[in-house]
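Below is upload_1.csv, holding CSV, C-alpha atoms.
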```
chain,number,residue,atom,x,y,z
A,16,MET,CA,212.8,44.6,136.7
A,17,GLY,CA,211.1,47.8,135.7
A,18,VAL,CA,209.1,50.0,138.0
A,19,SER,CA,206.0,52.2,137.6
A,20,HIS,CA,206.2,56.0,137.4
A,21,SER,CA,204.8,56.3,140.9
A,22,SER,CA,207.3,53.7,142.2
A,23,GLN,CA,210.1,55.6,140.6
A,24,GLU,CA,209.1,58.8,142.4
A,25,ALA,CA,208.8,56.9,145.7
A,26,TRP,CA,212.3,55.4,145.1
A,27,GLU,CA,213.8,58.8,144.4
A,28,ARG,CA,212.3,60.2,147.6
A,29,GLU,CA,213.6,57.2,149.6
A,30,SER,CA,217.0,57.6,148.0
A,31,ARG,CA,217.4,61.0,149.6
A,32,SER,CA,217.9,59.2,152.9
A,33,ASP,CA,221.4,59.8,154.2
A,34,PHE,CA,222.6,56.2,153.7
A,35,TRP,CA,221.4,55.7,150.1
A,36,TRP,CA,222.3,59.2,149.0
A,37,THR,CA,225.9,58.9,150.4
A,38,GLN,CA,226.2,55.5,148.7
A,39,MET,CA,225.2,57.0,145.3
A,40,GLN,CA,227.5,60.0,145.7
A,41,GLU,CA,230.5,57.8,146.6
A,42,GLY,CA,229.8,55.6,143.7
A,43,TYR,CA,229.7,58.6,141.3
A,44,GLN,CA,232.8,60.2,142.7
A,45,ASN,CA,235.0,57.1,142.7
A,46,GLN,CA,234.6,56.2,139.1
A,47,SER,CA,234.7,57.9,135.7
A,48,VAL,CA,232.6,55.5,133.6
A,49,PHE,CA,229.0,56.4,134.4
A,50,ASN,CA,227.2,59.8,134.4
A,51,TRP,CA,224.9,60.8,137.2
A,52,ASP,CA,221.7,59.6,135.5
A,53,GLN,CA,223.3,56.2,134.9
A,54,ILE,CA,224.4,56.0,138.5
A,55,LYS,CA,220.8,56.6,139.7
A,56,GLN,CA,219.5,54.0,137.4
A,57,LEU,CA,222.1,51.4,138.4
A,58,HIS,CA,221.6,52.2,142.1
A,59,GLN,CA,217.9,51.5,141.6
A,60,ARG,CA,218.8,48.1,140.1
A,61,PHE,CA,221.2,47.5,142.9
A,62,ARG,CA,218.6,48.1,145.5
A,63,LEU,CA,216.0,45.9,143.8
A,64,LEU,CA,218.5,43.1,143.5
A,65,SER,CA,219.8,43.4,147.1
A,66,GLY,CA,216.3,43.8,148.6
A,67,ASP,CA,217.2,47.3,149.9
A,68,GLN,CA,220.3,45.9,151.7
A,69,PRO,CA,223.7,47.7,151.5
A,70,THR,CA,225.4,44.7,149.8
A,71,ILE,CA,224.6,42.0,147.3
A,72,ARG,CA,225.3,38.3,147.9
A,73,PRO,CA,225.4,35.5,145.2
A,74,GLU,CA,221.9,34.2,146.2
A,75,ASN,CA,220.5,37.7,145.3
A,76,PHE,CA,221.0,36.7,141.6
A,77,ASP,CA,218.7,33.7,141.9
A,78,ASN,CA,215.7,35.5,140.6
A,79,VAL,CA,217.3,37.6,137.8
A,80,LEU,CA,215.3,36.7,134.7
A,81,ASP,CA,218.0,37.8,132.4
A,82,LEU,CA,220.2,35.0,133.8
A,83,GLU,CA,217.6,32.2,134.3
A,84,PHE,CA,218.3,30.5,131.0
A,85,ASN,CA,221.9,31.7,130.4
A,86,PRO,CA,224.1,28.6,129.9
A,87,ILE,CA,227.0,30.3,131.8
A,88,ARG,CA,224.8,31.8,134.5
A,89,SER,CA,227.1,30.5,137.3
A,90,ARG,CA,230.2,31.9,135.7
A,91,ILE,CA,228.6,35.4,135.3
A,92,VAL,CA,227.4,35.4,138.9
A,93,ARG,CA,230.8,34.3,140.1
A,94,ALA,CA,232.4,37.1,138.0
A,95,PHE,CA,230.7,39.7,140.2
A,96,PHE,CA,232.4,38.3,143.3
A,97,ASP,CA,235.8,37.4,141.8
A,98,ASN,CA,238.4,39.4,143.7
A,99,ARG,CA,240.5,39.7,140.5
A,100,ASN,CA,237.6,41.6,138.8
A,101,LEU,CA,237.0,43.7,141.8
A,102,GLY,CA,240.7,44.7,142.1
A,103,LYS,CA,240.9,43.2,145.5
A,104,GLY,CA,243.5,40.5,145.0
A,105,THR,CA,244.7,37.8,142.7
A,106,SER,CA,242.4,35.0,143.9
A,107,GLY,CA,239.4,34.1,145.9
A,108,LEU,CA,235.7,35.3,146.0
A,109,ALA,CA,234.1,38.0,148.0
A,110,GLU,CA,231.1,36.9,150.1
A,111,GLU,CA,229.3,40.1,149.2
A,112,ILE,CA,229.7,43.2,147.1
A,113,THR,CA,228.9,46.9,147.7
A,114,PHE,CA,227.4,49.3,145.2
A,115,GLU,CA,230.8,50.5,144.2
A,116,ASP,CA,231.8,46.9,143.5
A,117,PHE,CA,228.7,46.5,141.5
A,118,LEU,CA,229.6,49.5,139.4
A,119,THR,CA,233.1,48.1,138.9
A,120,ILE,CA,231.7,44.9,137.3
A,121,ILE,CA,229.0,46.6,135.2
A,122,ALA,CA,231.7,48.9,133.8
A,123,TYR,CA,233.3,46.0,132.0
A,124,PHE,CA,230.2,45.8,129.8
A,125,LYS,CA,230.0,49.5,129.0
A,126,PRO,CA,230.8,50.3,125.4
A,127,LEU,CA,234.2,52.0,124.6
A,128,ARG,CA,234.1,55.7,125.3
A,129,SER,CA,234.5,57.7,122.1
A,130,HIS,CA,236.6,60.5,123.7
A,131,LEU,CA,239.5,58.2,124.7
A,132,ASN,CA,242.8,58.5,122.9
A,133,LYS,CA,244.4,55.5,121.3
A,134,GLU,CA,246.5,54.5,124.4
A,135,GLU,CA,243.5,54.9,126.7
A,136,ALA,CA,241.3,52.9,124.4
A,137,GLU,CA,243.8,50.1,124.3
A,138,LEU,CA,244.0,50.0,128.1
A,139,TYR,CA,240.2,49.9,128.3
A,140,ARG,CA,240.1,47.0,125.9
A,141,ARG,CA,242.7,45.1,127.8
A,142,GLU,CA,240.6,45.5,131.0
A,143,LYS,CA,237.6,44.0,129.2
A,144,MET,CA,239.8,41.2,127.9
A,145,ARG,CA,241.1,40.4,131.4
A,146,PHE,CA,237.5,40.1,132.6
A,147,LEU,CA,236.8,37.6,129.9
A,148,PHE,CA,240.0,35.8,130.6
A,149,HIS,CA,239.0,35.3,134.3
A,150,LEU,CA,235.7,33.7,133.1
A,151,TYR,CA,237.8,30.9,131.7
A,152,ASP,CA,240.6,30.8,134.2
A,153,GLU,CA,238.7,29.3,137.1
A,154,ASP,CA,241.6,28.4,139.4
A,155,GLY,CA,243.3,31.8,139.0
A,156,ASP,CA,246.7,30.4,138.0
A,157,GLY,CA,247.0,32.7,135.0
A,158,LEU,CA,246.5,30.0,132.4
A,159,ILE,CA,243.5,28.8,130.6
A,160,THR,CA,244.0,25.0,130.3
A,161,LEU,CA,242.4,22.7,127.8
A,162,GLN,CA,240.1,21.4,130.5
A,163,GLU,CA,239.0,24.9,131.5
A,164,TYR,CA,238.3,26.0,128.0
A,165,ARG,CA,236.5,22.8,127.2
A,166,ARG,CA,234.2,23.2,130.3
A,167,VAL,CA,233.2,26.7,129.1
A,168,VAL,CA,232.3,25.4,125.7
A,169,GLU,CA,230.4,22.4,127.2
A,170,ASP,CA,228.4,24.8,129.3
A,171,LEU,CA,227.4,26.8,126.2
A,172,LEU,CA,226.5,23.8,124.1
A,173,SER,CA,224.6,22.1,126.9
A,174,ALA,CA,222.0,24.8,126.9
A,175,ASN,CA,220.2,23.0,124.1
A,176,PRO,CA,218.4,20.0,125.8
A,177,GLN,CA,218.0,18.3,122.3
A,178,VAL,CA,221.8,17.9,122.0
A,179,GLU,CA,223.3,14.6,123.1
A,180,ARG,CA,226.0,14.8,125.9
A,181,VAL,CA,228.4,12.7,123.9
A,182,TRP,CA,228.2,15.1,121.0
A,183,VAL,CA,228.6,18.1,123.3
A,184,ARG,CA,231.8,16.7,124.8
A,185,SER,CA,233.2,15.8,121.3
A,186,VAL,CA,232.6,19.2,119.8
A,187,ALA,CA,233.7,21.1,123.0
A,188,ASN,CA,237.0,19.2,123.0
A,189,SER,CA,237.5,20.0,119.3
A,190,ILE,CA,236.9,23.7,119.8
A,191,ALA,CA,239.1,23.8,122.9
A,192,CYS,CA,241.9,22.0,121.1
A,193,ARG,CA,241.7,24.4,118.2
A,194,ALA,CA,241.7,27.4,120.5
A,195,LEU,CA,244.8,26.3,122.3
A,196,ASN,CA,246.6,25.5,119.0
A,197,GLU,CA,245.8,28.9,117.7
A,198,ALA,CA,247.1,30.5,121.0
A,199,ALA,CA,250.2,28.4,120.8
A,200,ARG,CA,250.9,29.6,117.3
A,201,ALA,CA,250.5,33.2,118.4
A,202,SER,CA,252.5,32.8,121.6
A,203,ASP,CA,255.9,34.2,122.3
A,204,GLN,CA,256.5,31.6,125.0
A,205,PRO,CA,259.8,29.8,124.3
A,206,LEU,CA,258.9,26.1,124.0
A,207,GLU,CA,261.4,23.3,123.6
A,208,GLU,CA,260.9,20.8,120.8
A,209,GLY,CA,258.2,18.4,121.8
A,210,GLN,CA,257.2,20.5,124.9
A,211,PRO,CA,253.4,20.8,125.1
A,212,TYR,CA,251.7,24.1,125.3
A,213,GLN,CA,250.4,24.2,128.9
A,214,GLY,CA,247.7,26.8,128.6
A,215,ILE,CA,246.7,30.2,127.3
A,216,THR,CA,248.3,33.1,129.0
A,217,PHE,CA,246.6,36.5,129.2
A,218,GLU,CA,248.9,37.9,126.5
A,219,ASP,CA,248.2,35.0,124.2
A,220,PHE,CA,244.5,35.4,124.9
A,221,VAL,CA,244.7,39.0,123.8
A,222,LYS,CA,246.5,38.1,120.6
A,223,THR,CA,243.9,35.5,119.6
A,224,TRP,CA,241.1,38.1,120.1
A,225,GLN,CA,242.8,40.7,117.8
A,226,GLY,CA,240.3,42.1,115.4
A,227,ILE,CA,237.2,40.9,117.3
A,228,ASP,CA,234.8,43.7,118.3
A,229,LEU,CA,234.3,43.5,122.0
A,230,GLU,CA,231.6,46.1,121.9
A,231,VAL,CA,229.5,43.5,120.0
A,232,LYS,CA,230.6,40.5,121.9
A,233,MET,CA,230.2,42.0,125.4
A,234,GLN,CA,226.7,43.4,125.8
A,235,VAL,CA,224.7,43.8,128.9
A,236,SER,CA,221.0,44.4,129.3
A,237,PHE,CA,221.4,44.9,133.0
A,238,LEU,CA,222.9,41.4,133.6
A,239,ASN,CA,222.7,39.6,130.3
A,240,LEU,CA,226.2,38.7,129.0
A,241,GLU,CA,226.3,37.7,125.4
A,242,ALA,CA,227.4,34.1,126.1
A,243,LEU,CA,228.4,33.3,122.5
A,244,ALA,CA,231.4,35.7,123.0
A,245,LEU,CA,233.1,32.9,124.9
A,246,CYS,CA,233.0,30.5,121.9
A,247,GLN,CA,235.2,32.7,119.7
```
Show the structure stored in the file as structure tokens.
Amino acid sequence: MGVSHSSQEAWERESRSDFWWTQMQEGYQNQSVFNWDQIKQLHQRFRLLSGDQPTIRPENFDNVLDLEFNPIRSRIVRAFFDNRNLGKGTSGLAEEITFEDFLTIIAYFKPLRSHLNKEEAELYRREKMRFLFHLYDEDGDGLITLQEYRRVVEDLLSANPQVERVWVRSVANSIACRALNEAARASDQPLEEGQPYQGITFEDFVKTWQGIDLEVKMQVSFLNLEALALCQ
């Protein structure tokens, strides 16, 4: 999705129009994650993706090469419109997103800022963790069930056309069961004897990811989420 030097100059001239310039300025002023050069680069990506429209819709992601062969493509696209990730509610999907919304989602993939103190760094990490949690928790009930976890793993394993479906389901179920068992052991949820563990809460999810470097697991080359992060 690169552009030539001449195209870059033309884009910069066009971006001086009142609408696009205001959009970039507002995006820059309303966040603290990206510097001005990054805002300009991301705004260019946004315009290319939207076809020079003021908003992006799910179908605008159809021709993104970085996502074409990603086994969790649909989950990544959905994450851009998930109201939970956008800070616009606890459920539901937005029909379209603005440039500021776009920045909000891309920020989840940005490496941890070195100038943050310990408390700020922990808060930043939890925001990233919540974004990952939402990729699993499809129905938004605050729990990652065995079925939800298994579907994610199945998506990842199914990317290899040489793998038999029966094997995929067996391995996915084994990984999902192991993940829930690990979360249950780490959980502070009071369970009666014989009571089954219903699903992974966000706090349990955070505990099971202790010691895992999110900066390695969550990488984005514009829109390329490291899918294997979801198998940990």
For A:Tyr151, the closest of A:Ala191, A:Met39, A:Ile215, A:Val167 counting all atoms listed in the file is A:Val167
Selected residue of minimal separation from A:Gln40 among A:Ala122, A:Val186, A:Ile54, A:Val92, counting only C-alpha atoms
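Of all the options, A:Ile54 lies closest to A:Gln40.
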What separates atom CA of A:Asn196 and atom CA of A:Val168 is a distance of 15.8 Å
Listed atoms of stretch 210-219 of chain A boxed axis-aligned with 6 Å per side, centre + edges as JSON:
```
{"center_x": 251.9, "center_y": 29.2, "center_z": 126.7, "size_x": 22.6, "size_y": 29.4, "size_z": 17.0}
```
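From atom CA of A:Gly102 back to atom CA of A:Ile121, the distance works out to 13.7 Å.
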Find the residues near A:Gly157: any atom within 10 Å, counting all atoms listed in the file, skip ones fewer than 4 places away on the same chain, and give them as a compact mmCIF listing (two decimals) with C-alpha atoms, in the coordinates of the input.
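After the write, result.txt holds the following:
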```txt
# COMPACT_ATOMS: atom_id res chain seq x y z
CA THR A 105 244.70 37.80 142.70
CA PHE A 148 240.00 35.80 130.60
CA HIS A 149 239.00 35.30 134.30
CA TYR A 151 237.80 30.90 131.70
CA ASP A 152 240.60 30.80 134.20
CA GLU A 153 238.70 29.30 137.10
CA GLY A 214 247.70 26.80 128.60
CA ILE A 215 246.70 30.20 127.30
CA THR A 216 248.30 33.10 129.00
CA PHE A 217 246.60 36.50 129.20
```
TODO: Find the residue from A:Arg166, A:Arg184, A:Arg99, A:Arg193 that sits nearest to A:Leu147; use only C-alpha atoms when measuring.
DONE: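 Ranked by minimum distance to A:Leu147, first place goes to A:Arg99.
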Among A:Phe114, A:Trp182, A:Tyr212, A:Phe61, A:Asn75 is approached most closely, using all atoms listed in the file, by A:Phe61
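From atom CA of A:Leu150 back to atom CA of A:Arg90, the distance works out to 6.3 Å.
By chain and then residue number, the residues within 7 Å of A:Gly107 are Asp97, Asn98 and Ala109 of chain A, counting all atoms listed in the file and disregarding those fewer than 2 positions away in sequence.
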Item checked: Residue among A:Ile71, A:Ala174, A:Ala187, A:Ala136 lying closest to A:Ile112, counting all atoms listed in the file ->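 The shortest atom-to-atom distance to A:Ile112 comes from A:Ile71.
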- prompt: When distances are computed from all atoms listed in the file, which of A:Lys133, A:Asp67, A:Leu171, A:Val48 shows the smallest separation from A:Thr119?
  reply: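 Comparing A:Lys133, A:Asp67, A:Leu171, A:Val48 against A:Thr119, the winner is A:Val48.
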Worksheet item: Excluding same-chain residues fewer than 5 positions from stretch 197-208 of chain A, what lies within 7 Å of it counting only C-alpha atoms, as a ChimeraX atom specification?
Response: /A:215,219-220,222-223
Pick out the residues sitting within 12 Å of A:Asp52, and hand them over as a PyMOL selection string; count all atoms listed in the file, and ignore anything fewer than 3 positions along from it in its own chain. chain A and resi 27+39-40+43+48-49+55-59
Fill in: Contacts of A:Phe96 within 10 Å, only C-alpha atoms, excl. fewer than 5 positions in-chain, as a ChimeraX atom specification
/A:71-73,91,101,107-112,116-117,120
